[in-house]
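Structure file upload_27.txt with compact mmCIF, C-alpha atoms and all ligand atoms:
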# COMPACT_ATOMS: atom_id res chain seq x y z
CA MET A 1 92.55 171.38 132.00
CA LYS A 2 89.87 171.40 129.29
CA LYS A 3 92.63 172.17 126.72
CA ILE A 4 94.48 168.90 127.58
CA LEU A 5 91.33 166.76 127.91
CA LEU A 6 89.83 167.37 124.45
CA PRO A 7 92.81 166.23 122.30
CA ALA A 8 93.26 163.21 124.59
CA LEU A 9 89.59 162.23 124.13
CA LEU A 10 89.89 162.62 120.36
CA VAL A 11 92.98 160.34 120.23
CA THR A 12 91.23 157.70 122.41
CA ALA A 13 88.14 157.80 120.18
CA ALA A 14 90.32 157.43 117.05
CA ILE A 15 92.13 154.39 118.56
CA LEU A 16 88.82 152.74 119.50
CA LEU A 17 87.37 153.30 116.02
CA CYS A 18 90.45 151.82 114.35
CA ALA A 19 90.84 148.93 116.82
CA PRO A 20 89.34 146.19 114.60
CA PHE A 21 91.90 147.02 111.88
CA PHE A 22 94.84 146.98 114.28
CA MET A 23 93.76 143.56 115.51
CA THR A 24 93.86 141.99 112.05
CA GLY A 25 96.81 139.59 111.42
CA PRO A 26 100.05 140.84 109.87
CA PRO A 27 99.97 141.03 106.02
CA ASP A 28 102.33 138.08 105.48
CA GLU A 29 100.04 135.71 107.41
CA PRO A 30 97.23 133.75 105.70
CA ALA A 31 93.81 135.37 105.50
CA GLY A 32 91.60 135.03 108.56
CA ASP A 33 89.68 137.33 110.87
CA TYR A 34 92.11 137.54 113.75
CA GLY A 35 90.11 140.34 115.34
CA ASN A 36 87.26 137.93 115.74
CA LYS A 37 89.02 134.60 116.14
CA ILE A 38 87.63 131.47 114.56
CA VAL A 39 87.01 128.81 117.21
CA LEU A 40 87.78 125.20 116.25
CA GLY A 41 86.86 122.26 118.47
CA PHE A 42 89.15 119.30 117.77
CA ALA A 43 88.46 115.87 119.31
CA GLN A 44 91.63 113.82 118.95
CA LEU A 45 91.09 110.10 119.44
CA GLY A 46 94.01 109.45 121.79
CA ALA A 47 97.79 109.17 122.07
CA GLU A 48 98.22 105.52 121.12
CA SER A 49 101.21 105.93 118.79
CA GLU A 50 104.07 108.26 117.88
CA TRP A 51 102.13 109.03 114.72
CA ARG A 52 99.19 110.26 116.80
CA SER A 53 101.40 112.54 118.90
CA ALA A 54 102.86 114.02 115.71
CA SER A 55 99.34 114.54 114.34
CA SER A 56 98.21 116.35 117.54
CA GLU A 57 101.32 118.53 117.45
CA SER A 58 100.68 119.39 113.80
CA VAL A 59 97.13 120.55 114.58
CA LYS A 60 98.20 122.61 117.62
CA ARG A 61 101.09 124.30 115.81
CA ALA A 62 98.99 125.11 112.76
CA ALA A 63 96.17 126.59 114.89
CA GLU A 64 98.70 128.97 116.44
CA LYS A 65 100.13 129.92 113.06
CA TYR A 66 96.69 130.62 111.57
CA GLY A 67 95.42 132.47 114.65
CA VAL A 68 92.64 129.92 115.17
CA GLU A 69 91.38 129.47 118.74
CA LEU A 70 91.70 125.72 119.36
CA MET A 71 89.67 123.71 121.86
CA PHE A 72 91.57 120.41 121.93
CA GLU A 73 90.33 117.24 123.63
CA ASN A 74 92.14 113.89 123.86
CA ALA A 75 89.56 111.07 124.03
CA GLN A 76 91.94 108.36 125.32
CA GLN A 77 90.80 106.02 122.53
CA LYS A 78 87.20 105.93 123.75
CA GLN A 79 84.35 106.77 121.41
CA GLU A 80 82.15 107.93 124.32
CA ASN A 81 84.83 110.51 125.25
CA GLN A 82 84.93 111.78 121.67
CA ILE A 83 81.14 112.10 121.61
CA LYS A 84 81.26 113.97 124.94
CA ALA A 85 83.93 116.32 123.55
CA ILE A 86 81.87 117.00 120.40
CA ARG A 87 78.80 117.75 122.57
CA SER A 88 80.83 120.22 124.64
CA PHE A 89 82.00 121.94 121.42
CA ILE A 90 78.36 122.24 120.34
CA ALA A 91 77.45 123.71 123.74
CA HIS A 92 80.28 126.25 123.34
CA ARG A 93 78.94 127.11 119.88
CA VAL A 94 82.35 126.74 118.21
CA ASP A 95 82.62 127.79 114.55
CA VAL A 96 83.86 124.42 113.26
CA ILE A 97 84.23 120.92 114.73
CA ALA A 98 86.94 118.52 113.55
CA PHE A 99 87.63 115.05 114.86
CA ALA A 100 89.67 111.92 114.16
CA PRO A 101 87.08 109.18 114.73
CA VAL A 102 88.42 106.24 116.72
CA VAL A 103 85.97 103.85 115.02
CA GLU A 104 83.80 104.07 111.91
CA THR A 105 80.24 103.61 113.18
CA ASP A 106 77.69 105.15 115.59
CA TRP A 107 78.31 108.84 115.00
CA ASP A 108 74.92 109.77 113.51
CA ASN A 109 73.25 111.10 116.68
CA VAL A 110 75.97 113.51 117.74
CA LEU A 111 76.54 114.70 114.17
CA LEU A 112 72.82 115.35 113.76
CA GLU A 113 73.05 117.50 116.91
CA ALA A 114 75.93 119.48 115.35
CA ARG A 115 73.94 119.89 112.14
CA ALA A 116 70.90 121.14 114.08
CA GLU A 117 73.14 123.90 115.47
CA ARG A 118 74.57 124.57 111.98
CA ILE A 119 78.13 123.77 113.04
CA PRO A 120 80.14 122.29 110.14
CA VAL A 121 82.12 119.11 110.83
CA ILE A 122 85.39 117.95 109.24
CA LEU A 123 86.73 114.41 109.54
CA VAL A 124 90.47 114.31 110.05
CA ASP A 125 92.61 111.21 109.47
CA ARG A 126 89.88 108.53 109.73
CA LYS A 127 86.57 107.97 107.97
CA ILE A 128 83.12 107.06 109.27
CA GLN A 129 80.01 105.29 108.01
CA THR A 130 76.70 107.07 108.57
CA GLU A 131 73.04 106.28 107.93
CA PHE A 132 72.27 109.89 107.04
CA SER A 133 74.14 111.76 104.33
CA GLY A 134 75.67 115.21 104.65
CA LEU A 135 76.69 114.89 108.29
CA TYR A 136 80.18 116.20 107.58
CA VAL A 137 81.59 118.62 105.07
CA SER A 138 84.89 117.05 104.18
CA PHE A 139 87.40 114.30 104.92
CA LEU A 140 91.09 115.17 105.23
CA GLY A 141 93.65 112.37 105.50
CA SER A 142 95.21 109.31 103.88
CA ASP A 143 93.97 106.68 101.46
CA PHE A 144 94.28 103.63 103.73
CA THR A 145 93.20 101.12 101.09
CA GLU A 146 95.92 102.41 98.80
CA GLU A 147 98.45 101.97 101.63
CA GLY A 148 97.44 98.31 101.96
CA VAL A 149 97.67 97.88 98.19
CA LYS A 150 101.20 99.34 98.18
CA ALA A 151 102.24 96.91 100.94
CA GLY A 152 100.73 93.92 99.09
CA ARG A 153 102.21 94.85 95.72
CA TRP A 154 105.68 95.23 97.22
CA LEU A 155 105.31 91.79 98.81
CA ALA A 156 104.20 90.25 95.53
CA ARG A 157 107.32 91.67 93.86
CA LYS A 158 109.61 90.56 96.69
CA PHE A 159 108.41 86.94 96.57
CA GLY A 160 107.80 86.95 92.82
CA GLU A 161 110.51 84.39 92.12
CA THR A 162 110.01 81.92 94.99
CA GLY A 163 107.95 78.84 94.24
CA ARG A 164 106.82 77.96 97.75
CA ASP A 165 103.93 79.17 99.95
CA VAL A 166 104.43 82.44 101.80
CA ASN A 167 103.05 82.41 105.36
CA ILE A 168 101.92 85.87 106.43
CA VAL A 169 101.03 87.21 109.86
CA GLU A 170 99.02 90.41 110.07
CA LEU A 171 99.08 92.73 113.09
CA ARG A 172 95.92 94.75 112.68
CA GLY A 173 95.24 98.21 114.09
CA THR A 174 92.21 99.02 116.24
CA ASP A 175 89.21 96.92 115.23
CA GLY A 176 86.39 98.98 113.76
CA ALA A 177 88.75 101.79 112.69
CA SER A 178 88.93 102.86 109.05
CA PRO A 179 92.73 102.43 108.65
CA THR A 180 92.42 98.84 109.89
CA ARG A 181 89.69 98.05 107.37
CA GLY A 182 91.36 99.93 104.50
CA ARG A 183 94.83 98.46 105.02
CA SER A 184 93.47 94.91 105.46
CA GLU A 185 91.30 95.13 102.36
CA GLY A 186 93.94 96.78 100.17
CA PHE A 187 96.60 94.27 101.21
CA ARG A 188 94.36 91.25 100.61
CA ASP A 189 93.30 92.65 97.27
CA ALA A 190 96.89 93.08 96.10
CA ILE A 191 97.96 89.52 96.99
CA SER A 192 94.71 87.70 96.18
CA SER A 193 95.63 86.62 92.64
CA ASP A 194 98.55 84.50 93.89
CA VAL A 195 97.51 81.43 95.91
CA ARG A 196 100.97 81.08 97.46
CA PHE A 197 100.24 84.00 99.77
CA ARG A 198 98.48 82.71 102.88
CA ILE A 199 97.51 84.89 105.83
CA VAL A 200 97.96 82.29 108.57
CA CYS A 201 97.13 84.59 111.48
CA SER A 202 95.63 88.07 111.89
CA GLU A 203 95.37 89.73 115.33
CA SER A 204 94.84 93.27 116.59
CA GLY A 205 97.62 95.15 118.38
CA ASP A 206 95.48 98.30 118.63
CA PHE A 207 98.16 100.45 116.93
CA MET A 208 100.24 100.32 120.13
CA ARG A 209 103.88 99.31 120.50
CA SER A 210 103.31 97.42 123.79
CA LYS A 211 100.35 95.49 122.36
CA GLY A 212 102.25 94.82 119.12
CA ARG A 213 105.01 93.26 121.15
CA GLU A 214 102.72 91.18 123.41
CA THR A 215 100.62 89.96 120.49
CA MET A 216 103.70 89.05 118.45
CA GLU A 217 105.15 87.11 121.40
CA ARG A 218 102.01 84.94 121.49
CA ILE A 219 101.98 84.54 117.70
CA LEU A 220 105.65 83.51 117.59
CA ASP A 221 105.07 80.91 120.31
CA GLU A 222 102.25 79.38 118.28
CA TYR A 223 103.37 79.79 114.68
CA PHE A 224 107.16 79.97 114.59
CA ALA A 225 109.20 76.77 115.01
CA PRO A 226 111.14 76.22 111.75
CA SER A 227 112.70 73.00 113.06
CA GLU A 228 109.15 71.57 113.32
CA GLY A 229 108.15 72.98 109.94
CA ARG A 230 106.18 75.93 111.34
CA ARG A 231 107.25 79.09 109.53
CA ILE A 232 106.30 82.75 109.44
CA ASP A 233 107.75 84.36 106.31
CA VAL A 234 106.20 87.80 106.52
CA LEU A 235 104.76 90.20 109.07
CA PHE A 236 102.43 92.93 107.82
CA ALA A 237 101.96 95.40 110.70
CA HIS A 238 99.36 98.14 110.26
CA ASN A 239 101.68 100.71 111.86
CA ASP A 240 105.31 101.32 112.80
CA ASP A 241 104.78 101.17 116.54
CA MET A 242 103.35 97.64 116.38
CA ALA A 243 106.08 96.59 113.91
CA LEU A 244 108.78 97.89 116.28
CA GLY A 245 107.13 96.10 119.22
CA ALA A 246 107.14 92.90 117.12
CA VAL A 247 110.84 93.45 116.31
CA GLU A 248 111.54 93.44 120.07
CA ALA A 249 109.58 90.20 120.48
CA MET A 250 111.56 88.58 117.65
CA GLU A 251 114.96 89.71 118.92
CA GLU A 252 114.12 88.43 122.39
CA ARG A 253 113.73 84.96 120.83
CA GLY A 254 116.87 85.15 118.68
CA ILE A 255 114.90 85.68 115.47
CA ALA A 256 116.48 88.21 113.06
CA PRO A 257 113.77 90.71 112.06
CA GLY A 258 113.99 91.68 108.41
CA ARG A 259 115.93 88.51 107.56
CA ASP A 260 114.24 85.50 109.21
CA ILE A 261 110.90 87.28 108.89
CA VAL A 262 110.29 89.97 106.27
CA ILE A 263 108.51 92.97 107.84
CA ILE A 264 106.25 95.54 106.20
CA SER A 265 104.81 98.41 108.19
CA VAL A 266 102.93 101.67 107.70
CA ASP A 267 103.56 105.31 108.81
CA ALA A 268 107.29 105.99 108.15
CA GLN A 269 108.20 107.59 111.46
CA ARG A 270 111.88 108.25 112.17
CA SER A 271 112.46 105.11 114.30
CA ALA A 272 110.96 102.95 111.53
CA LEU A 273 113.16 104.50 108.85
CA GLU A 274 116.17 103.87 111.10
CA ALA A 275 115.08 100.24 111.48
CA LEU A 276 114.74 100.06 107.68
CA GLU A 277 118.31 101.33 107.34
CA GLU A 278 119.49 98.69 109.84
CA GLY A 279 117.75 95.97 107.84
CA LYS A 280 115.20 95.18 110.59
CA LEU A 281 112.24 96.34 108.50
CA ASN A 282 112.00 95.71 104.76
CA CYS A 283 109.27 98.03 103.54
CA VAL A 284 107.64 101.08 105.14
CA VAL A 285 104.55 102.61 103.53
CA GLU A 286 104.15 106.30 104.30
CA CYS A 287 101.10 107.70 106.12
CA SER A 288 101.46 111.40 106.86
CA PRO A 289 100.36 112.85 110.23
CA TYR A 290 100.95 116.42 109.02
CA VAL A 291 97.42 117.55 108.34
CA GLY A 292 97.38 120.62 110.61
CA GLU A 293 98.02 123.38 108.07
CA ARG A 294 95.64 121.93 105.50
CA LEU A 295 92.99 121.64 108.21
CA MET A 296 93.37 125.31 109.18
CA GLU A 297 93.10 126.37 105.53
CA ILE A 298 89.85 124.41 105.27
CA VAL A 299 88.53 125.90 108.51
CA VAL A 300 89.30 129.46 107.37
CA SER A 301 87.71 128.79 103.95
CA LEU A 302 84.63 127.23 105.51
CA VAL A 303 84.04 130.21 107.78
CA SER A 304 84.49 132.53 104.79
CA GLY A 305 81.73 130.58 103.03
CA ASP A 306 83.93 128.93 100.37
CA GLU A 307 83.19 125.55 98.77
CA ILE A 308 85.26 122.71 100.24
CA PRO A 309 86.06 119.49 98.33
CA PRO A 310 84.38 116.44 99.95
CA ALA A 311 87.72 114.59 100.33
CA ILE A 312 91.31 115.74 100.44
CA PHE A 313 93.98 113.03 100.46
CA SER A 314 97.61 113.45 101.54
CA GLU A 315 100.31 112.66 99.00
CA GLU A 316 102.30 109.69 100.22
CA THR A 317 105.09 107.38 99.10
CA MET A 318 106.87 104.28 100.39
CA PHE A 319 110.41 103.34 101.42
CA THR A 320 112.04 99.96 100.93
CA GLU A 321 115.19 98.00 101.71
CA ASP A 322 116.40 98.82 98.18
CA ASP A 323 116.46 102.58 98.78
CA PRO A 324 119.94 103.98 99.46
CA PRO A 325 120.08 105.22 103.10
CA GLU A 326 120.97 108.77 102.01
CA SER A 327 117.70 108.97 100.06
CA LEU A 328 115.57 108.37 103.19
CA PRO A 329 113.94 111.57 104.50
CA GLU A 330 114.78 113.26 107.83
CA ARG A 331 111.74 112.93 110.04
CA PRO A 332 110.92 115.33 112.88
CA TYR A 333 108.98 112.54 114.68
O1 LIG B 401 94.72 106.54 111.66
C1 LIG B 401 96.07 106.53 111.37
C2 LIG B 401 96.78 105.48 112.15
O2 LIG B 401 96.50 105.66 113.53
C3 LIG B 401 98.29 105.49 112.05
O3 LIG B 401 98.79 104.65 111.07
C4 LIG B 401 98.65 104.92 113.39
O4 LIG B 401 100.00 104.98 113.71
C5 LIG B 401 97.71 105.66 114.25
O5 LIG B 401 97.66 105.27 115.54
Take the structure I supplied and represent it as structure tokens, if you would.
Amino acid sequence: MKKILLPALLVTAAILLCAPFFMTGPPDEPAGDYGNKIVLGFAQLGAESEWRSASSESVKRAAEKYGVELMFENAQQKQENQIKAIRSFIAHRVDVIAFAPVVETDWDNVLLEARAERIPVILVDRKIQTEFSGLYVSFLGSDFTEEGVKAGRWLARKFGETGRDVNIVELRGTDGASPTRGRSEGFRDAISSDVRFRIVCSESGDFMRSKGRETMERILDEYFAPSEGRRIDVLFAHNDDMALGAVEAMEERGIAPGRDIVIISVDAQRSALEALEEGKLNCVVECSPYVGERLMEIVVSLVSGDEIPPAIFSEETMFTEDDPPESLPERPY
């Protein structure tokens, strides 16, 4: 009996001693301590748009790929829910907190709490304004002002030749959110030198297709009656979902989107690129939701003690009615 027991004990002891090495990720995977998983708390702001769903998917898929333990909360577009989620991440003593802030202000208290517990914070997608500095390590996302500038510059080129006033309607995103401010400011900046461009109406559709449609219905009733001299020449929608909702409102009234009213939108999701191909949208500025992998790289680097740049912007382009359909990209969302 003793003869069998001793070798068995030695093998068991050897396995236990080597266990941490066996638990490390396979060599072709990115670096990371899979034996002692990094825990990331991610507070997503909601599920208001197709873009947002693609962004959540990107984070979840990347966490799996990088072997990061993800605590994911959907805040249903409420700041108080995001703050609650961040507090629960602090209570769980996660390694890193990331969140996509629904609005820009009033984050100082909860971020001071995270700092007191030495938990680093990364902003994903949207920016914030704080009274204290150093409350987050890095921002990862898009340059929203630049997106607005691209939209405005395209418009200026499109109407470059016409002599008359250009009446513009703006469908804003969520009020108080950084993409809404950035896109509004960039757009206004790009058209400001030409007095023909007049923003006759600007309303929020909260980045949602249903609200984009409802808001556009009201706007059309008030501002669109060409026979009485009331014209809308251009719609600038802060995202594709609102633009597509507005397209429905126009078609319901016999207005040809893309022809009777020129439409510019932001995101470049598949349905918007299809609408561009059909001539229902005229210009689509890209905003990428695919931040997941970059986020995981940052998280792994942070935990390893590496320096992280304070801002990392996605590379983005734009698509217009002049692009040949075969040049438009295939979109998974
Ligand atoms: O913050 C990014 C914006 O939020 C996207 O343009 C929009 O679709 C989303 O809801």
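Considering only C-alpha atoms and all ligand atoms, the residue among A:Ser202, A:Thr162, A:Gln44, A:Thr317 positioned nearest to ligand LIG 401 (chain B) is A:Gln44.
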Got a sec to check which residues sit within 8 Å of (98.4, 107.8, 109.6), counting only C-alpha atoms, and write them as a compact mmCIF listing (two decimals) with C-alpha atoms, in the coordinates of the input?
# COMPACT_ATOMS: atom_id res chain seq x y z
CA TRP A 51 102.13 109.03 114.72
CA ARG A 52 99.19 110.26 116.80
CA ASP A 125 92.61 111.21 109.47
CA GLY A 141 93.65 112.37 105.50
CA SER A 142 95.21 109.31 103.88
CA PRO A 179 92.73 102.43 108.65
CA VAL A 266 102.93 101.67 107.70
CA ASP A 267 103.56 105.31 108.81
CA GLU A 286 104.15 106.30 104.30
CA CYS A 287 101.10 107.70 106.12
CA SER A 288 101.46 111.40 106.86
CA PRO A 289 100.36 112.85 110.23
inquiry  = I'd like to know which of A:Ser184, A:Glu251, A:Ser58, A:Val284 is closest to Glu217 in chain A, using all atoms listed in the file.
reply    = A:Glu251
query = So how many Å separate CA of Ala311 in chain A and CA of Leu70 in chain A, to one decimal?
reply =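 CA of Ala311 in chain A sits 22.4 Å away from CA of Leu70 in chain A.
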note = With distances taken over all atoms listed in the file, the candidate from A:Val96, A:Ile255, A:Leu135, A:Ala272 nearest ligand LIG 401 (chain B) is A:Ala272
task = Produce as a ChimeraX atom specification the set of residues near ligand LIG 401 (chain B), where near means within 10 Å with all atoms listed in the file considered.
result = /A:45-55,77,100-103,124-127,141-142,144,147,173-174,177-180,183,206-209,237-242,265-269,285-289
Atom-to-atom span, CA of Asp95 in chain A and CA of Phe132 in chain A, Å =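 One can read the CA of Asp95 in chain A to CA of Phe132 in chain A distance as 22.0 Å.
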Point-to-point distance in Å for CA of Ile264 in chain A and CA of Cys283 in chain A =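 Going from CA of Cys283 in chain A over to CA of Ile264 in chain A, I get 4.7 Å.
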request  = Could you tell me which of A:Glu161, A:Glu69, A:Glu297, A:Glu146 comes closest to Gly41 in chain A if we count all atoms listed in the file?
outcome  =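 Smallest distance to Gly41 in chain A is found for A:Glu69.
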Counting all atoms listed in the file, the option among A:Lys211, A:Arg172, A:Met296, A:Arg93 closest to Ile119 in chain A = A:Arg93
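Within the 10 Å cut-off around Pro310 in chain A, using all atoms listed in the file and omitting residues fewer than 3 positions from it on the same chain, the listed residues are Ile122, Gly134, Tyr136, Val137, Ser138, Phe139, Leu140 and Glu307 of chain A.
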Go ahead and save the picked residues with C-alpha atoms, as a tab-separated table (two decimals), in the coordinates of the input.
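Result written to part_28.tsv:
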chain	number	residue	atom	x	y	z
A	122	ILE	CA	85.39	117.95	109.24
A	134	GLY	CA	75.67	115.21	104.65
A	136	TYR	CA	80.18	116.20	107.58
A	137	VAL	CA	81.59	118.62	105.07
A	138	SER	CA	84.89	117.05	104.18
A	139	PHE	CA	87.40	114.30	104.92
A	140	LEU	CA	91.09	115.17	105.23
A	307	GLU	CA	83.19	125.55	98.77
message = Using all atoms listed in the file for the distances, tell me which of A:Gly229, A:Leu220, A:Asp106, A:Leu273 is nearest to Met250 in chain A.
response =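 Ranked by minimum distance to Met250 in chain A, first place goes to A:Leu220.
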task = May I have the residues within 6 Å of Val262 in chain A as a list in words, using all atoms listed in the file and disregarding those fewer than 3 positions away in the same chain?
result =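 In the requested form, the answer reads Val234, Gly258 and Arg259 of chain A.
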message = What's around range 108-114 of chain A at 8 Å? Count only C-alpha atoms, leave out sequence neighbours fewer than 3 positions away in its own chain, and write the answer as a count of residues only.
response = 14
message = I'd like the neighbourhood of Glu274 in chain A as a list in words, where a residue qualifies if any of its atoms comes within 12 Å (using all atoms listed in the file), though same-chain residues fewer than 5 positions away should be ignored.
response =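 Those residues are Asp240, Leu244, Ala268, Gln269, Gly279, Lys280, Leu281, Asn282, Cys283, Val284, Phe319, Thr320, Glu321, Pro325, Glu326, Leu328, Pro329, Glu330, Arg331 and Tyr333 of chain A.
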message = Residues within 8 Å of Glu203 in chain A, please, as JSON, numbers by chain. Count all atoms listed in the file; anything in the same chain fewer than 5 positions from it doesn't count.
response = {"A": [170, 171, 172, 215]}
request  = Counting all atoms listed in the file, write as a VMD selection string all protein and nucleic acid residues lying at most 6 Å from (93.9, 119.4, 117.8) in the file's frame.
outcome  = chain A and resid 42 56 59 to 60 72
